[in-house]
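Containing PDB, C-alpha atoms: final_14.pdb.
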MODEL        1
ATOM      1  CA  MET P   1       0.000   0.000   0.000
ATOM      2  CA  LYS P   2       1.053   3.576  -0.519
ATOM      3  CA  PHE P   3       0.696   6.591   1.754
ATOM      4  CA  GLY P   4       0.601  10.088   0.277
ATOM      5  CA  VAL P   5       2.018  12.772   2.578
ATOM      6  CA  ILE P   6       1.124  16.352   1.709
ATOM      7  CA  ARG P   7       3.649  19.147   1.943
ATOM      8  CA  PHE P   8       2.355  22.719   2.078
ATOM      9  CA  PRO P   9       4.610  25.756   2.160
ATOM     10  CA  GLY P  10       5.168  25.974   5.920
ATOM     11  CA  SER P  11       4.712  22.267   6.717
ATOM     12  CA  CYS P  12       7.444  21.020   9.032
ATOM     13  CA  ASP P  13       6.566  17.460  10.042
ATOM     14  CA  GLU P  14       6.263  15.895   6.605
ATOM     15  CA  VAL P  15       9.696  14.262   6.807
ATOM     16  CA  ASP P  16       8.879  12.492  10.065
ATOM     17  CA  ALA P  17       5.463  11.575   8.644
ATOM     18  CA  MET P  18       7.161  10.023   5.582
ATOM     19  CA  HIS P  19       9.519   8.141   7.889
ATOM     20  CA  ALA P  20       6.580   6.839   9.957
ATOM     21  CA  CYS P  21       4.618   5.787   6.857
ATOM     22  CA  LYS P  22       7.613   3.963   5.365
ATOM     23  CA  ARG P  23       7.779   1.690   8.384
ATOM     24  CA  PHE P  24       4.425   0.245   7.343
ATOM     25  CA  GLY P  25       4.150   0.780   3.591
ATOM     26  CA  GLU P  26       5.366   2.868   0.692
ATOM     27  CA  ALA P  27       5.123   6.633   0.885
ATOM     28  CA  GLU P  28       5.234   9.517  -1.547
ATOM     29  CA  LEU P  29       5.451  13.208  -0.831
ATOM     30  CA  LEU P  30       2.708  15.283  -2.509
ATOM     31  CA  TRP P  31       3.045  19.028  -3.137
ATOM     32  CA  HIS P  32       0.270  21.475  -2.285
ATOM     33  CA  ALA P  33      -0.094  22.452  -5.970
ATOM     34  CA  ASP P  34      -0.635  18.826  -7.072
ATOM     35  CA  ARG P  35      -4.101  18.106  -8.350
ATOM     36  CA  ASP P  36      -3.921  14.349  -8.146
ATOM     37  CA  LEU P  37      -2.898  12.074  -5.325
ATOM     38  CA  ARG P  38      -0.715   9.808  -7.503
ATOM     39  CA  GLY P  39      -2.466   6.619  -6.567
ATOM     40  CA  ALA P  40      -2.045   6.982  -2.798
ATOM     41  CA  ASP P  41      -4.247   4.620  -0.770
ATOM     42  CA  ALA P  42      -4.189   6.783   2.345
ATOM     43  CA  ILE P  43      -3.448  10.475   2.797
ATOM     44  CA  VAL P  44      -1.549  12.075   5.668
ATOM     45  CA  ILE P  45      -1.749  15.830   6.239
ATOM     46  CA  PRO P  46       1.198  16.566   8.505
ATOM     47  CA  GLY P  47       1.868  19.218  11.105
ATOM     48  CA  GLY P  48       3.475  22.587  10.674
ATOM     49  CA  PHE P  49       2.327  26.059   9.747
ATOM     50  CA  SER P  50       0.731  25.764   6.312
ATOM     51  CA  TYR P  51       0.868  29.107   4.470
ATOM     52  CA  GLY P  52       2.202  30.660   7.661
ATOM     53  CA  ASP P  53      -1.077  29.868   9.446
ATOM     54  CA  TYR P  54      -2.062  33.442   8.589
ATOM     55  CA  LEU P  55      -5.586  34.492   9.576
ATOM     56  CA  ARG P  56      -6.361  31.210  11.410
ATOM     57  CA  ALA P  57      -4.467  27.939  11.576
ATOM     58  CA  GLY P  58      -5.382  25.882   8.506
ATOM     59  CA  ALA P  59      -7.654  28.566   7.004
ATOM     60  CA  ILE P  60      -5.675  29.131   3.806
ATOM     61  CA  ALA P  61      -4.457  25.574   3.174
ATOM     62  CA  ARG P  62      -8.003  24.349   2.715
ATOM     63  CA  PHE P  63      -8.170  26.237  -0.610
ATOM     64  CA  SER P  64      -5.018  24.690  -2.073
ATOM     65  CA  PRO P  65      -5.306  22.605  -5.264
ATOM     66  CA  VAL P  66      -4.298  19.390  -3.503
ATOM     67  CA  MET P  67      -7.107  19.830  -0.960
ATOM     68  CA  GLU P  68      -9.687  19.614  -3.753
ATOM     69  CA  ALA P  69      -8.283  16.189  -4.579
ATOM     70  CA  VAL P  70      -8.213  15.244  -0.887
ATOM     71  CA  ARG P  71     -11.840  16.296  -0.500
ATOM     72  CA  GLU P  72     -12.877  14.101  -3.425
ATOM     73  CA  PHE P  73     -10.787  11.215  -2.073
ATOM     74  CA  ALA P  74     -12.353  11.593   1.385
ATOM     75  CA  LEU P  75     -15.896  11.844   0.050
ATOM     76  CA  GLY P  76     -15.245   8.616  -1.853
ATOM     77  CA  GLY P  77     -14.337   6.893   1.412
ATOM     78  CA  GLY P  78     -10.540   7.157   1.178
ATOM     79  CA  PRO P  79      -8.763   7.333   4.543
ATOM     80  CA  VAL P  80      -7.320  10.746   5.475
ATOM     81  CA  LEU P  81      -5.255  11.357   8.615
ATOM     82  CA  GLY P  82      -4.650  14.938   9.755
ATOM     83  CA  ILE P  83      -2.010  15.558  12.400
ATOM     84  CA  CYS P  84      -1.867  18.845  14.341
ATOM     85  CA  ASN P  85      -1.934  21.490  11.579
ATOM     86  CA  GLY P  86      -3.441  18.761   9.375
ATOM     87  CA  PHE P  87      -6.277  18.435  11.922
ATOM     88  CA  GLN P  88      -6.794  22.210  11.794
ATOM     89  CA  VAL P  89      -6.859  22.108   7.985
ATOM     90  CA  LEU P  90      -9.469  19.312   7.965
ATOM     91  CA  CYS P  91     -11.696  21.214  10.421
ATOM     92  CA  GLU P  92     -11.409  24.439   8.400
ATOM     93  CA  ALA P  93     -12.225  22.445   5.250
ATOM     94  CA  GLY P  94     -15.374  21.107   6.899
ATOM     95  CA  LEU P  95     -14.202  17.504   6.505
ATOM     96  CA  LEU P  96     -14.152  17.172  10.295
ATOM     97  CA  PRO P  97     -16.574  18.666  12.816
ATOM     98  CA  GLY P  98     -15.504  21.386  15.257
ATOM     99  CA  ALA P  99     -12.600  23.798  15.407
ATOM    100  CA  LEU P 100      -9.272  24.286  17.174
ATOM    101  CA  LEU P 101      -8.873  27.347  19.427
ATOM    102  CA  PRO P 102      -5.762  28.761  21.117
ATOM    103  CA  ASN P 103      -4.659  26.711  24.149
ATOM    104  CA  THR P 104      -6.272  27.893  27.377
ATOM    105  CA  SER P 105      -2.783  28.704  28.671
ATOM    106  CA  LEU P 106      -2.056  30.780  25.527
ATOM    107  CA  ARG P 107       1.318  29.039  25.581
ATOM    108  CA  PHE P 108       3.086  26.704  23.213
ATOM    109  CA  VAL P 109       2.882  23.272  24.831
ATOM    110  CA  CYS P 110       5.473  20.598  24.073
ATOM    111  CA  ARG P 111       5.342  17.417  26.111
ATOM    112  CA  GLN P 112       4.702  13.694  26.060
ATOM    113  CA  VAL P 113       1.067  12.791  26.842
ATOM    114  CA  ASP P 114      -0.867   9.569  27.336
ATOM    115  CA  LEU P 115      -3.776   9.001  24.979
ATOM    116  CA  ILE P 116      -6.602   6.574  25.662
ATOM    117  CA  VAL P 117      -7.992   4.658  22.701
ATOM    118  CA  GLU P 118     -11.761   5.139  22.869
ATOM    119  CA  ASN P 119     -12.776   3.483  19.616
ATOM    120  CA  ALA P 120     -10.566   0.758  18.177
ATOM    121  CA  SER P 121     -12.915  -0.211  15.332
ATOM    122  CA  THR P 122     -11.734   2.366  12.787
ATOM    123  CA  PRO P 123      -9.162   2.406   9.969
ATOM    124  CA  PHE P 124      -6.897   4.500  12.214
ATOM    125  CA  THR P 125      -7.066   2.506  15.432
ATOM    126  CA  ARG P 126      -7.716  -1.111  14.393
ATOM    127  CA  ALA P 127      -4.263  -2.195  15.567
ATOM    128  CA  CYS P 128      -5.237  -1.084  19.099
ATOM    129  CA  ASP P 129      -7.703  -2.281  21.704
ATOM    130  CA  PRO P 130     -10.207  -0.016  23.447
ATOM    131  CA  GLY P 131      -8.595   1.413  26.575
ATOM    132  CA  ASP P 132      -5.048   1.081  25.247
ATOM    133  CA  VAL P 133      -2.751   3.891  26.376
ATOM    134  CA  LEU P 134      -0.512   5.445  23.733
ATOM    135  CA  SER P 135       2.401   7.669  24.727
ATOM    136  CA  VAL P 136       2.740  10.370  22.060
ATOM    137  CA  PRO P 137       4.085  13.951  22.121
ATOM    138  CA  VAL P 138       2.036  17.116  21.618
ATOM    139  CA  LYS P 139       3.533  20.422  20.419
ATOM    140  CA  HIS P 140       1.143  23.216  19.548
ATOM    141  CA  THR P 141      -0.323  26.589  20.495
ATOM    142  CA  THR P 142      -3.740  26.178  18.894
ATOM    143  CA  GLY P 143      -5.036  22.795  19.987
ATOM    144  CA  ARG P 144      -8.100  23.404  22.143
ATOM    145  CA  TYR P 145     -10.780  21.290  20.500
ATOM    146  CA  TYR P 146     -14.161  22.972  20.400
ATOM    147  CA  ALA P 147     -17.587  21.914  19.205
ATOM    148  CA  THR P 148     -21.049  22.834  20.476
ATOM    149  CA  GLU P 149     -22.382  20.725  23.352
ATOM    150  CA  ALA P 150     -24.920  19.112  21.018
ATOM    151  CA  ALA P 151     -22.177  18.283  18.510
ATOM    152  CA  LEU P 152     -19.982  16.833  21.281
ATOM    153  CA  ASP P 153     -22.852  14.623  22.464
ATOM    154  CA  GLU P 154     -23.308  13.358  18.933
ATOM    155  CA  LEU P 155     -19.562  12.710  18.485
ATOM    156  CA  GLU P 156     -19.550  10.639  21.657
ATOM    157  CA  SER P 157     -22.686   8.662  20.843
ATOM    158  CA  GLU P 158     -21.492   7.930  17.288
ATOM    159  CA  GLY P 159     -18.078   6.729  18.475
ATOM    160  CA  GLN P 160     -16.280   9.559  16.672
ATOM    161  CA  VAL P 161     -14.024  10.364  19.622
ATOM    162  CA  LEU P 162     -11.163   7.995  18.779
ATOM    163  CA  LEU P 163      -8.580   9.267  21.235
ATOM    164  CA  ARG P 164      -8.811  11.147  24.515
ATOM    165  CA  TYR P 165      -6.113  12.651  26.727
ATOM    166  CA  ALA P 166      -5.604  10.565  29.861
ATOM    167  CA  GLU P 167      -7.133  12.069  32.986
ATOM    168  CA  GLY P 168      -5.230  15.145  34.155
ATOM    169  CA  GLN P 169      -3.132  15.329  30.986
ATOM    170  CA  ASN P 170      -5.268  17.567  28.781
ATOM    171  CA  PRO P 171      -2.574  19.977  27.510
ATOM    172  CA  ASN P 172      -4.758  22.625  25.885
ATOM    173  CA  GLY P 173      -8.225  22.810  27.429
ATOM    174  CA  SER P 174      -9.897  20.639  24.772
ATOM    175  CA  ALA P 175     -13.582  19.936  25.369
ATOM    176  CA  ARG P 176     -14.110  16.589  27.122
ATOM    177  CA  ASP P 177     -10.368  15.821  26.902
ATOM    178  CA  ILE P 178     -10.763  15.074  23.201
ATOM    179  CA  ALA P 179      -7.430  14.468  21.452
ATOM    180  CA  GLY P 180      -8.725  13.197  18.122
ATOM    181  CA  VAL P 181     -12.058  12.947  16.270
ATOM    182  CA  SER P 182     -13.275  11.346  13.071
ATOM    183  CA  ASN P 183     -16.053  12.205  10.665
ATOM    184  CA  GLY P 184     -19.286  10.222  10.806
ATOM    185  CA  GLN P 185     -18.090   7.751   8.182
ATOM    186  CA  LYS P 186     -14.829   7.292  10.150
ATOM    187  CA  ASN P 187     -12.568   7.607   7.127
ATOM    188  CA  VAL P 188     -11.298  11.082   8.055
ATOM    189  CA  PHE P 189      -9.476  11.487  11.354
ATOM    190  CA  GLY P 190      -7.676  14.395  12.952
ATOM    191  CA  LEU P 191      -5.633  14.603  16.145
ATOM    192  CA  MET P 192      -3.428  17.213  17.790
ATOM    193  CA  PRO P 193      -0.735  14.837  19.156
ATOM    194  CA  HIS P 194       2.038  13.684  16.836
ATOM    195  CA  PRO P 195       2.064   9.906  16.269
ATOM    196  CA  GLU P 196       4.746  10.359  13.578
ATOM    197  CA  HIS P 197       7.209  11.502  16.267
ATOM    198  CA  ALA P 198       6.647   8.297  18.235
ATOM    199  CA  VAL P 199       7.464   5.425  15.898
ATOM    200  CA  ASP P 200      10.887   4.445  17.199
ATOM    201  CA  PRO P 201      11.698   3.245  20.744
ATOM    202  CA  LEU P 202      14.878   5.312  20.432
ATOM    203  CA  THR P 203      12.782   8.473  20.858
ATOM    204  CA  GLY P 204      11.019   7.141  23.942
ATOM    205  CA  SER P 205       7.897   5.560  22.459
ATOM    206  CA  ALA P 206       6.845   3.662  19.350
ATOM    207  CA  ASP P 207       3.126   3.854  20.231
ATOM    208  CA  GLY P 208       2.349   6.368  17.474
ATOM    209  CA  GLY P 209       3.227   3.704  14.926
ATOM    210  CA  ARG P 210       0.033   1.865  15.826
ATOM    211  CA  LEU P 211      -2.010   4.457  13.925
ATOM    212  CA  PHE P 212       0.086   4.047  10.748
ATOM    213  CA  GLU P 213       0.053   0.279  11.207
ATOM    214  CA  SER P 214      -3.755   0.463  11.463
ATOM    215  CA  LEU P 215      -4.043   2.457   8.244
ATOM    216  CA  ALA P 216      -1.773   0.066   6.370
ATOM    217  CA  ALA P 217      -3.771  -2.929   7.638
ATOM    218  CA  HIS P 218      -7.027  -1.212   6.665
ATOM    219  CA  VAL P 219      -5.841  -0.649   3.093
ATOM    220  CA  GLU P 220      -4.382  -4.172   2.790
ATOM    221  CA  ALA P 221      -7.680  -5.644   3.977
ATOM    222  CA  LEU P 222      -9.531  -3.785   1.211
ATOM    223  CA  ALA P 223      -7.122  -4.871  -1.527
ATOM    224  CA  PRO P 224      -8.268  -7.708  -3.808
ATOM    225  CA  ALA P 225      -6.469 -10.924  -2.901
TER     226      ALA P 225
ATOM    227  CA  MET A 226     -15.381  51.359  -0.944
ATOM    228  CA  LYS A 227     -13.646  50.936   2.374
ATOM    229  CA  ALA A 228     -14.979  48.617   4.999
ATOM    230  CA  ARG A 229     -13.975  47.102   8.305
ATOM    231  CA  VAL A 230     -14.843  43.688   9.596
ATOM    232  CA  LEU A 231     -14.720  43.132  13.346
ATOM    233  CA  ILE A 232     -14.251  39.513  14.345
ATOM    234  CA  ARG A 233     -14.567  38.260  17.903
ATOM    235  CA  PRO A 234     -14.913  34.945  19.717
ATOM    236  CA  LYS A 235     -18.542  33.851  19.932
ATOM    237  CA  GLU A 236     -20.374  34.310  23.194
ATOM    238  CA  GLY A 237     -19.811  31.373  25.508
ATOM    239  CA  ILE A 238     -16.425  30.508  24.021
ATOM    240  CA  LEU A 239     -13.634  30.865  26.525
ATOM    241  CA  ASP A 240     -11.357  33.751  25.484
ATOM    242  CA  PRO A 241      -8.118  33.491  27.464
ATOM    243  CA  GLN A 242      -6.719  36.618  25.783
ATOM    244  CA  GLY A 243      -9.696  38.655  26.986
ATOM    245  CA  GLN A 244      -9.358  37.173  30.479
ATOM    246  CA  THR A 245      -5.670  38.043  30.628
ATOM    247  CA  VAL A 246      -6.367  41.652  29.628
ATOM    248  CA  GLU A 247      -9.211  41.838  32.141
ATOM    249  CA  ARG A 248      -6.912  40.659  34.923
ATOM    250  CA  ALA A 249      -4.194  43.136  33.941
ATOM    251  CA  LEU A 250      -6.381  46.248  33.999
ATOM    252  CA  PRO A 251      -6.889  46.529  37.793
ATOM    253  CA  ALA A 252      -3.096  46.505  38.242
ATOM    254  CA  LEU A 253      -3.068  49.816  36.357
ATOM    255  CA  GLY A 254      -5.891  51.274  38.395
ATOM    256  CA  PHE A 255      -8.737  50.457  35.987
ATOM    257  CA  GLU A 256     -11.175  48.759  38.316
ATOM    258  CA  GLY A 257     -14.484  47.128  37.470
ATOM    259  CA  VAL A 258     -13.854  46.260  33.817
ATOM    260  CA  LYS A 259     -15.764  43.139  32.770
ATOM    261  CA  GLU A 260     -16.428  40.955  29.749
ATOM    262  CA  VAL A 261     -13.232  41.782  27.879
ATOM    263  CA  ARG A 262     -13.116  39.944  24.537
ATOM    264  CA  VAL A 263     -10.161  40.217  22.194
ATOM    265  CA  GLY A 264     -10.761  39.764  18.485
ATOM    266  CA  ARG A 265      -9.280  41.156  15.303
ATOM    267  CA  MET A 266     -10.144  43.680  12.640
ATOM    268  CA  VAL A 267      -9.833  43.293   8.887
ATOM    269  CA  GLU A 268      -9.773  46.438   6.725
ATOM    270  CA  LEU A 269     -10.791  46.062   3.107
ATOM    271  CA  ASP A 270     -11.226  48.183   0.027
ATOM    272  CA  VAL A 271     -13.892  46.338  -1.951
ATOM    273  CA  PRO A 272     -15.712  46.949  -5.234
ATOM    274  CA  ASP A 273     -18.946  45.495  -3.848
ATOM    275  CA  ALA A 274     -19.668  45.708  -0.113
ATOM    276  CA  THR A 275     -22.653  43.389  -0.401
ATOM    277  CA  ARG A 276     -20.250  40.487  -0.840
ATOM    278  CA  ILE A 277     -18.365  41.002   2.438
ATOM    279  CA  GLY A 278     -20.758  38.740   4.338
ATOM    280  CA  GLU A 279     -19.932  35.908   1.980
ATOM    281  CA  MET A 280     -16.197  36.621   2.427
ATOM    282  CA  CYS A 281     -16.655  36.402   6.187
ATOM    283  CA  GLU A 282     -18.496  33.090   5.986
ATOM    284  CA  LYS A 283     -15.925  31.537   3.664
ATOM    285  CA  LEU A 284     -12.628  32.942   4.875
ATOM    286  CA  LEU A 285     -12.384  35.987   7.141
ATOM    287  CA  ALA A 286     -14.143  34.338  10.083
ATOM    288  CA  ASN A 287     -14.879  30.803  11.195
ATOM    289  CA  PRO A 288     -18.613  31.082  11.896
ATOM    290  CA  LEU A 289     -18.496  28.105  14.247
ATOM    291  CA  ILE A 290     -16.314  29.963  16.754
ATOM    292  CA  GLU A 291     -16.415  33.624  15.724
ATOM    293  CA  ASP A 292     -18.993  36.393  15.282
ATOM    294  CA  TYR A 293     -18.359  39.138  12.774
ATOM    295  CA  GLU A 294     -19.664  42.631  12.228
ATOM    296  CA  ILE A 295     -19.304  44.549   8.969
ATOM    297  CA  LEU A 296     -18.876  48.336   8.991
ATOM    298  CA  VAL A 297     -18.754  50.303   5.751
ATOM    299  CA  VAL A 298     -16.564  53.316   6.560
ATOM    300  CA  GLU A 299     -16.303  55.149   3.248
ATOM    301  CA  ARG A 300     -18.430  54.885   0.143
TER     302      ARG A 300
ENDMDL
END
Using structure tokens, write down the structure that the file contains.
Amino acid sequence: MKFGVIRFPGSCDEVDAMHACKRFGEAELLWHADRDLRGADAIVIPGGFSYGDYLRAGAIARFSPVMEAVREFALGGGPVLGICNGFQVLCEAGLLPGALLPNTSLRFVCRQVDLIVENASTPFTRACDPGDVLSVPVKHTTGRYYATEAALDELESEGQVLLRYAEGQNPNGSARDIAGVSNGQKNVFGLMPHPEHAVDPLTGSADGGRLFESLAAHVEALAPA
Amino acid sequence: MKARVLIRPKEGILDPQGQTVERALPALGFEGVKEVRVGRMVELDVPDATRIGEMCEKLLANPLIEDYEILVVER
């Protein structure tokens, strides 16, 4: 299977994302001006500061040519993973519910956090079990997940909250300790923590690899035998 | 024509910037200031002011988390 990793002007985590993807499949870097996804089976929108994050984080990137292709891919059921800035881009694009606000502390937060797997029956978490704890770093200033109370209730009842910060470890003031949410169809997923920085025990944790492993397994399971 | 768009966090959304400003004011002798909200302003020179609302909905603001107010300042 092949991952496609998107690079916008201002992305900074695409190299680590490529590295993470290559542990579980092939990977190709896609440029923001590309209009096709070159046969990628799964798309990763990495972290960084796309287009300088001017106006609002992710607000400009959603209009890039490659995002039109990503939208089509997502609407057709293709799996799309947005990490940090990628999560912000997917929310701004309306492919994920909610929005990301500045951290309650107004500070840049960079630390290792524990994430609880809430729903393990998705293309992004199938290599995990419900209740598994993943140790993954966060590093952001605008990561406070927000949605209306009614929308949050619906996310919870539909199993769209895939990952939650462990009790007492919410780094940004996110509603209901939400670290990552999916769309209703569960083929688009965004999270603030950085699984691509936690794929090698050398850096303290390889838990983030489980998400890439899940995606690869999801695509392989769909492939004709 | 020239216009200004004022964008602020929606009511009910925690605004830590506003809170920080509110807490700083008494230290300078400005007592009793409440409900401080910090937003941003966009100035535009537009050919057609009737389209600013659409610009706000699509780009200038995120209607899920922000309210906006359009002021035409010079025709």
Would you tabulate, counting all atoms listed in the file, all residues of chain P that have an atom at most 12 Å from an atom of chain A, showing the closest pair of atoms and their distance in Å to one decimal, sorted by chain then ascending number, as a Markdown table?
| residue | atom | partner | partner_atom | distance |
| --- | --- | --- | --- | --- |
| P:Tyr54 | CA | A:Leu285 | CA | 10.7 |
| P:Leu55 | CA | A:Leu285 | CA | 7.4 |
| P:Arg56 | CA | A:Ala286 | CA | 8.5 |
| P:Ala57 | CA | A:Asn287 | CA | 10.8 |
| P:Gly58 | CA | A:Leu284 | CA | 10.7 |
| P:Ala59 | CA | A:Leu284 | CA | 7.0 |
| P:Ile60 | CA | A:Leu284 | CA | 8.0 |
| P:Ala61 | CA | A:Leu284 | CA | 11.1 |
| P:Arg62 | CA | A:Leu284 | CA | 10.0 |
| P:Phe63 | CA | A:Leu284 | CA | 9.7 |
| P:Gln88 | CA | A:Asn287 | CA | 11.8 |
| P:Cys91 | CA | A:Asn287 | CA | 10.1 |
| P:Glu92 | CA | A:Asn287 | CA | 7.8 |
| P:Ala93 | CA | A:Lys283 | CA | 9.9 |
| P:Gly94 | CA | A:Leu289 | CA | 10.6 |
| P:Pro97 | CA | A:Leu289 | CA | 9.7 |
| P:Gly98 | CA | A:Leu289 | CA | 7.4 |
| P:Ala99 | CA | A:Ile290 | CA | 7.3 |
| P:Leu100 | CA | A:Ile290 | CA | 9.1 |
| P:Leu101 | CA | A:Ile290 | CA | 8.3 |
| P:Pro102 | CA | A:Pro241 | CA | 8.3 |
| P:Asn103 | CA | A:Pro241 | CA | 8.3 |
| P:Thr104 | CA | A:Pro241 | CA | 5.9 |
| P:Ser105 | CA | A:Pro241 | CA | 7.3 |
| P:Leu106 | CA | A:Pro241 | CA | 6.9 |
| P:Arg107 | CA | A:Pro241 | CA | 10.6 |
| P:Arg144 | CA | A:Leu239 | CA | 10.3 |
| P:Tyr145 | CA | A:Ile290 | CA | 10.9 |
| P:Tyr146 | CA | A:Ile290 | CA | 8.2 |
| P:Ala147 | CA | A:Leu289 | CA | 8.0 |
| P:Thr148 | CA | A:Leu289 | CA | 8.5 |
| P:Glu149 | CA | A:Gly237 | CA | 11.2 |
| P:Ala151 | CA | A:Leu289 | CA | 11.3 |
| P:Asn172 | CA | A:Pro241 | CA | 11.5 |
| P:Gly173 | CA | A:Leu239 | CA | 9.7 |
| P:Ser174 | CA | A:Leu239 | CA | 11.0 |
| P:Ala175 | CA | A:Leu239 | CA | 11.0 |
For the selection just defined, write its residues with C-alpha atoms to a file, as a PDB file, in the frame of the given file.
ATOM      1  CA  TYR P  54      -2.062  33.442   8.589  1.00  0.00           C
ATOM      2  CA  LEU P  55      -5.586  34.492   9.576  1.00  0.00           C
ATOM      3  CA  ARG P  56      -6.361  31.210  11.410  1.00  0.00           C
ATOM      4  CA  ALA P  57      -4.467  27.939  11.576  1.00  0.00           C
ATOM      5  CA  GLY P  58      -5.382  25.882   8.506  1.00  0.00           C
ATOM      6  CA  ALA P  59      -7.654  28.566   7.004  1.00  0.00           C
ATOM      7  CA  ILE P  60      -5.675  29.131   3.806  1.00  0.00           C
ATOM      8  CA  ALA P  61      -4.457  25.574   3.174  1.00  0.00           C
ATOM      9  CA  ARG P  62      -8.003  24.349   2.715  1.00  0.00           C
ATOM     10  CA  PHE P  63      -8.170  26.237  -0.610  1.00  0.00           C
ATOM     11  CA  GLN P  88      -6.794  22.210  11.794  1.00  0.00           C
ATOM     12  CA  CYS P  91     -11.696  21.214  10.421  1.00  0.00           C
ATOM     13  CA  GLU P  92     -11.409  24.439   8.400  1.00  0.00           C
ATOM     14  CA  ALA P  93     -12.225  22.445   5.250  1.00  0.00           C
ATOM     15  CA  GLY P  94     -15.374  21.107   6.899  1.00  0.00           C
ATOM     16  CA  PRO P  97     -16.574  18.666  12.816  1.00  0.00           C
ATOM     17  CA  GLY P  98     -15.504  21.386  15.257  1.00  0.00           C
ATOM     18  CA  ALA P  99     -12.600  23.798  15.407  1.00  0.00           C
ATOM     19  CA  LEU P 100      -9.272  24.286  17.174  1.00  0.00           C
ATOM     20  CA  LEU P 101      -8.873  27.347  19.427  1.00  0.00           C
ATOM     21  CA  PRO P 102      -5.762  28.761  21.117  1.00  0.00           C
ATOM     22  CA  ASN P 103      -4.659  26.711  24.149  1.00  0.00           C
ATOM     23  CA  THR P 104      -6.272  27.893  27.377  1.00  0.00           C
ATOM     24  CA  SER P 105      -2.783  28.704  28.671  1.00  0.00           C
ATOM     25  CA  LEU P 106      -2.056  30.780  25.527  1.00  0.00           C
ATOM     26  CA  ARG P 107       1.318  29.039  25.581  1.00  0.00           C
ATOM     27  CA  ARG P 144      -8.100  23.404  22.143  1.00  0.00           C
ATOM     28  CA  TYR P 145     -10.780  21.290  20.500  1.00  0.00           C
ATOM     29  CA  TYR P 146     -14.161  22.972  20.400  1.00  0.00           C
ATOM     30  CA  ALA P 147     -17.587  21.914  19.205  1.00  0.00           C
ATOM     31  CA  THR P 148     -21.049  22.834  20.476  1.00  0.00           C
ATOM     32  CA  GLU P 149     -22.382  20.725  23.352  1.00  0.00           C
ATOM     33  CA  ALA P 151     -22.177  18.283  18.510  1.00  0.00           C
ATOM     34  CA  ASN P 172      -4.758  22.625  25.885  1.00  0.00           C
ATOM     35  CA  GLY P 173      -8.225  22.810  27.429  1.00  0.00           C
ATOM     36  CA  SER P 174      -9.897  20.639  24.772  1.00  0.00           C
ATOM     37  CA  ALA P 175     -13.582  19.936  25.369  1.00  0.00           C
TER      38      ALA P 175
END
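Restricting the calculation to all atoms listed in the file, the smallest distance between Asp207 (chain P) and any of P:Asp177, P:Glu154, P:Asp132, P:Glu167 is found for P:Asp132.
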Study note, to complete from the structure: re CA of Pro123 (chain P) and CA of Tyr51 (chain P): distance 29.0 Å
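For the pair CA of Val89 (chain P) and CA of Arg126 (chain P), the interatomic distance is 24.1 Å.
Note that the spacing between CA of Phe3 (chain P) and CA of Glu28 (chain P) amounts to 6.3 Å.
Within 10 Å of Ile232 (chain A), once all atoms listed in the file are used and residues closer than 3 positions along the same chain are dropped, the contacting residues are A:Arg229, A:Lys235, A:Val263, A:Gly264, A:Arg265, A:Met266, A:Val267, A:Cys281, A:Leu285, A:Ala286, A:Asn287, A:Pro288, A:Glu291, A:Asp292, A:Tyr293, A:Glu294, A:Ile295.
Distance annotation: of A:Arg300, A:Arg248, A:Lys227, A:Arg233, the residue with the minimal separation from Glu268 (chain A) is A:Lys227; atom set is only C-alpha atoms.
This file, queried with the PyMOL selection byres ((chain A and resi 272) around 9), gives the residues Met226, Lys227, Asp270, Val271, Asp273 and Ala274 of chain A.
Residue nearest Val297 (chain A), chosen from A:Leu250, A:Ala228, A:Met280, A:Val261 and counting only C-alpha atoms: A:Ala228.
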Practice item. For the file shown, report as a PyMOL selection string the outcome of the PyMOL selection byres ((chain P and resi 83) around 9) at residue level. Key: chain P and resi 44-47+81-82+84-88+189-196
**Study point:** Near-region 163-165 of chain P list (12 Å; all atoms listed in the file; drop same-chain fewer than 3 positions) as a ChimeraX atom specification
**Key:** /P:112-122,124-125,128-138,144-145,155-156,159-160,168-182,189-193,195,208,211
Exercise for review: Anything within 12 Å of (0.2, 7.3, -9.9): list those residues as JSON, numbers by chain, counting all atoms listed in the file and sticking to the file's coordinates.
Suggested key: {"P": [2, 3, 4, 27, 28, 30, 34, 35, 36, 37, 38, 39, 40, 41]}
